[in-house]
Structure formats: C-alpha cells, structure tokens
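Heads up, the thing below is written out as structure tokens.
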Amino acid sequence: MCGIVAYIGNKQAYPILIDGLKRLEYRGYDSAGIAIYNGDLKIFKKKGKVKALQNEVRGKDISGTIGIGHTRWATHGEPNDVNAHPHVSGNGRLTLIHNGIIENYETFKKALIERGHTFESDTDTEVLVHLIEEIQKRDKLELEEAVRLALTKVIGAYAIVVMDKDNPDILVAARKDSPLVIGIGKNEFHIASDGKAIVEHTKKVVYLKNEEIALVNRDGDLSIKTINNDIATPFIQELDLELEEIEKGDYEHFMLKEICEQPKTVADCMRGRINAKEGWIKVGGVQNLFQNFSEARRIIIVACGTSWHSALIGEYLFEELARISVEVEYASEFRYRNPILDEKDMVIAISQSGETRDTMAAIEMAKEKGAMLYGIVNSVGSSIARLTDAGSYIHAGPEIGVASTKAFTGQVTLLTMMAIHLGYQKGTIPRSYYLQLLDELEEIPNKIKQILAKEAQIKYLAKEFKDSNNALYLGRGYNFPVALEGALKLKEISYIHAEGYPAAEMKHGPIALIDENMPVIFIATNKSIHEKIFSNIQEVKSRKAKVIAIVNEGDEAVKNLADYIIEIPVTDEPLTPLLSVIPLQLLSYHIALMRGCDVDQPRNLAKSVTVE
Ligand code: G6P
C-alpha cells in the first residue's frame, strides 16, 4: 500500500527519490518522507502528498548520493509527520522504510522500552529499526546480518530498506509478502516496491523473492541471502514496462486515460486468444486445465473490491454458458470462515495488482486444502500470479488511477472468453451461438469507442447530479454486478453515498429512501427481462425519483419513462457488462471532477491493499 524507493550510486539521490515517490504515490498518500546521507543524515517527513514534502524540503540542503524515500498509507498510527517514514534507530545510526505490518511489534516494543529504548511514533516500523539496532549493537554485527536476525523474530509482512550512516556505501533490503524490486544501473542501484518507480532509470531488475535479503553497494555489487542464511543467486530480468504506460500523456487524470484506453485494453486482452472469422477461442490456462475445469465440483472465485464485482459477472457467465457451479467470495471473509474445500474444487483468484493481502491469504489457504488455483491478474510477475498453479493475464497495462476501470473490463473480457471456451468445449453452448458470441466479442472494442464518444452527454448529466447526497444503482442479471460497480465508482471518487442493488430487491428496503432528491441509475439493457426492468423503473418513477437509464439503442419504451437516458450499442446479453459499465465510469469521473475531488487519489483509499 505504501511506496518504497531507494538509491545508491554516484548521482544526486533527491531528484531520483522524489520522482520515484511521485510515481508510487497512487499506492498510498497519507504522508511522505526521505532520508539522505551526505556526511550527516538529513530526514524530511511530511503529512500529505509528495508535493507537501517537496515544499518542506525547498531551500534546504538535500545533497547526497545515497537515500531512501517512502509514501505511506497509514496502518499503525495516524497519518502525521511523526508517523511518516523513514524511521530512525535510537542511536540515530539506522534509518528504515517499510511496507506491510509487523504483527508482533507490541511485544518487542514493550521489551525494548524496558531495556531503555524510547519511541517517537506509534508505528510498528520504528520498533523494527530499534530491534535491528539492538541486535547490531549487542553482537557487533554487519548490518545485513543484524537485519537478517531481526527478521527471523518478526511475524508479519514487510518490504524494507535500511540505510546505515556508519556505512554509507551499502543499502540492505528485504521482503516477505510485500514486493520489492532492485534495479541495476551502472555502479548504481534503484530499489522500489514497484518497477514503475525505476523504469526511467533502468530495465535490468531483480525481483526479490519472499524472505530474501539483498545487500547492494556503490561498487555495483549485489548479493542475496535468504532469512535462513542460505546464499541465493540473483535472477536478472528485463522490466516489462514502458515509461509512456505510466504517464498521463495528454489526459488530465490517469482515471480518464484508463477509461479511454479500454477499446485498446479489451482488444489487447483478446489478442491471440480469439478469432471469430476462423471460429476459435483459446485461453491458454483453460486449454491446459480443461479437465480440471470441467470436472470441478464447483469454481470458487475469490477477490476484493472491483475485482469482486468482475467475479460476480464471472458467476453468471460460467453458470449460463459452461454450466459449472460457481460461488463468489470476498477473500477477506473466505479466509477466516473455514470453508469446505478440497481437491475437487477449483479456486480462481482475481486481482488487478496481484498483491492484495486478503486475496493472497485466501489462495494460500485454498492451496493448503488441495484446491487447484487459477489466477486472473493484471500485474505481470506479481505475487498472486506466482502463487497460483495456472492463470491468465488480462494485459490491461499499468493501472494507476486508484478507482479501477480498465482492469475491470479486462477481467470481465477474460472471464467471458473462459466461459465461452469452456461452454463450447463442454458442449453446453451450440456452435451457432458460440460463433455469434465470438463475432460480438470482437465488436466490443468498437462499441466501447461509440460509448466514449458520448462523453459530452454524460458530462451534462454529471452537472445535473453533482450535488446529490445519495444515489441508487439498480440492475438485474448481468447488470446487477454492474450496478454494484457503478455505485462503488461513485462513492470511491466523489464521496457521494451510493448503493448498488438488484433492481427487484429494491422493493425490500431501498425503496424507502426514494424521493424526488434521489437519483436512481437503472442499467436496463437486458433483453430477456425487459418488461421486469420496465416495471421496476415505473415503481421508482411513481415515487418521484429522478431516473437515469442506461438503455440499448432504440429502446423507446424506457426512453419515454426515464428522465434521462444514455443509449449504448446492442450486444449479446452475456457481453453487456463490458458496455454498460463504461457510461457509469465516465459519470463518476465527471461528478467527482465537478465536486473538486482528487479523482486519481481519493481520500483514504490505496491502489494496492497489501494489509489485511
Ligand atoms: C483496492 C483498490 C480497488 C481494487 C481492490 C482490489 O481497494 O482501490 O480498485 O478493486 O483494492 O484490488 P486488486 O488489486 O486485488 O484487484
């Protein structure tokens, strides 16, 4: 959730650290801090965004060729200057930045206080740096060994970098359940929690593995050990990332850029996997595991947030097209519920980042129980991609806006292809329907483009509804998860309270909230249950709500009933979510913008939630 960046070499560290922090800011932005060594140790920490840190530093001496930097998403201790990282050891010798949580820090803190340590912050991180200092001092150890011994004692997740002012020619980094990548330059190293922070400096990287400790020095040497003190060989690879992928380009916000990229990202997800003309579809992982999928007692999909909404769409798709029973679980609930699960089950984990702690823990548990694991992930090489037995990437490219957009459509595209593939191979969909679905799927990028062209109309609607305090999103069938996603987008970035509900279920509660001030957004493109949706709209209208309806082009009936409509191109019902979600993304974006909200970095949220 937090962002880590560190540098050692012969260039000035400050600009490198600040640029890196800005690139990582989407991961967490409660506070930011840096420590640079140049004969003496300079530490600057500031509540708020990286910009606030830059203002703090302005005019001060920040020279030095070794340094560490951090952006924080608060876990232990409120977001303020004191709790911001880096944290310093009691004797002032070590500085440390940390992502993750040290679960047993209270025990150490108590013992350290008894032995005379004093703490300034409320963080678990400060305890860890004191612990390393104590071990280093007591046993007169090299930093790397002191770090290693300290880490054998702690329980929890961490990615850390430690700087020692008595030995400013080295940095020590380590990780467990939180990613860390080391970029190798010419006699310099860049360490970061995410390749995005270092891609402009080098593409030669080593991904540190779980429970590994790396030592880098100014001579360009890198050595890696495990926490158990075994030597490990660094595996150098090429960072699969282009700089323009992580820049806003001509767009005002990453979120808008990512919404507008969807014709391309959906096409990228399908590339090489489908050919309607030749009548084939093949999703690599599904092809290899066809037997496992078709013989699975059930598929359980685990995910969080927007990915959980994709999972719900997956349930409709797999059950309808492939006739496989599916259960969708919040990863955080599933992992603590002692579910009935064994090798007859197939577990699919969906995650944009591939690092969400709860999703990782859920699949670790499923693995222990013997279930087959499949990952649907965006971030290449991420932990979930590595933890699962098989899987598929959605190829949406880096998603930086905290509110997920293109990853959602990528996940749904992949689930759709998987369900069609399985359904056709199992014989649960006839060839004619199969071919029709392939044709329609290939048309989706074009149809998304047509919806994006309606941005001006959606902006107008945003103006009408920007001052609302609440909103209700209603949909049925495939559009029910879309209603949930639409509501989530609105609350995440505009802070308007919004709820998504199955349209018919609305009568059992939310209808009590409806009056002339309540905008109700109907996602009403379903052909199979059109009359039922129509009745639901009438129920809402007769209670004076303002209705915005997302309808199929040419749907005159709803047009005459709703206050506002957004028409989207017709497609086959299982593919509808790929289109009906687009106007909802744009609507939230424009409402948030008009309300003056920080669209890309909404308050309290983080892009990648690496704590429970
Ligand atoms: C956070 C993000 C959401 C995301 C969710 C799950 O809450 O802000 O956009 O949907 O985590 O993340 P994942 O990376 O596992 O899809």
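Convention: chains lettered A, B, ... in structure tokens order; per-chain residue numbering from 1; ligands numbered from 1 as shown.
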
- Query: Could you list, as a PyMOL selection string, all the residues within 6 Å of ligand 1, counting only C-alpha atoms and all ligand atoms?
  - Reply: chain A and resi 304-307+351-354+356+402-404+605-609

- Message: Would you pick out the contacts of Tyr460 of chain A at 12 Å or less, using only C-alpha atoms, so that residues sharing its chain but fewer than 2 positions from it are not included, and give the list as a list in words?
- Response: Lys454, Glu455, Ala456, Gln457, Ile458, Ala462, Lys463, Glu464, Phe465, Lys466, Tyr564, Ile565, Ile566, Leu586, Leu587, His590, Ile591 and Met594 of chain A

- Task: Tell me, in Å to one decimal, how far atom CA of Glu242 of chain A is from atom CA of Gly20 of chain A.
- Result: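 That distance, rounded to one decimal, is 14.9 Å.
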
Can you check which parts of segment 450-481 of chain A lie within 12 Å of segment 255-259 of chain A? Per residue, the shortest pair of atoms and distance in Å to one decimal, counting only C-alpha atoms, sorted by chain and number, as CSV.
```
residue,atom,partner,partner_atom,distance
A:Ile451,CA,A:Ile259,CA,11.0
A:Leu452,CA,A:Ile259,CA,8.4
A:Ala453,CA,A:Ile259,CA,11.9
A:Glu455,CA,A:Leu256,CA,10.8
```

- Item | Neighbour list for Phe290 of chain A as a ChimeraX atom specification, cut-off 12 Å, only C-alpha atoms, skip fewer than 2 positions in-chain | /A:282-288,292-296,322,346,390,418-419,421-426

- Please provide the set of residues having any atom within 6 Å of segment 487-494 of chain A, restricted to only C-alpha atoms, with same-chain residues fewer than 6 positions apart removed, written as an MDAnalysis selection string. chainID A and resid 500 588 592 599 602
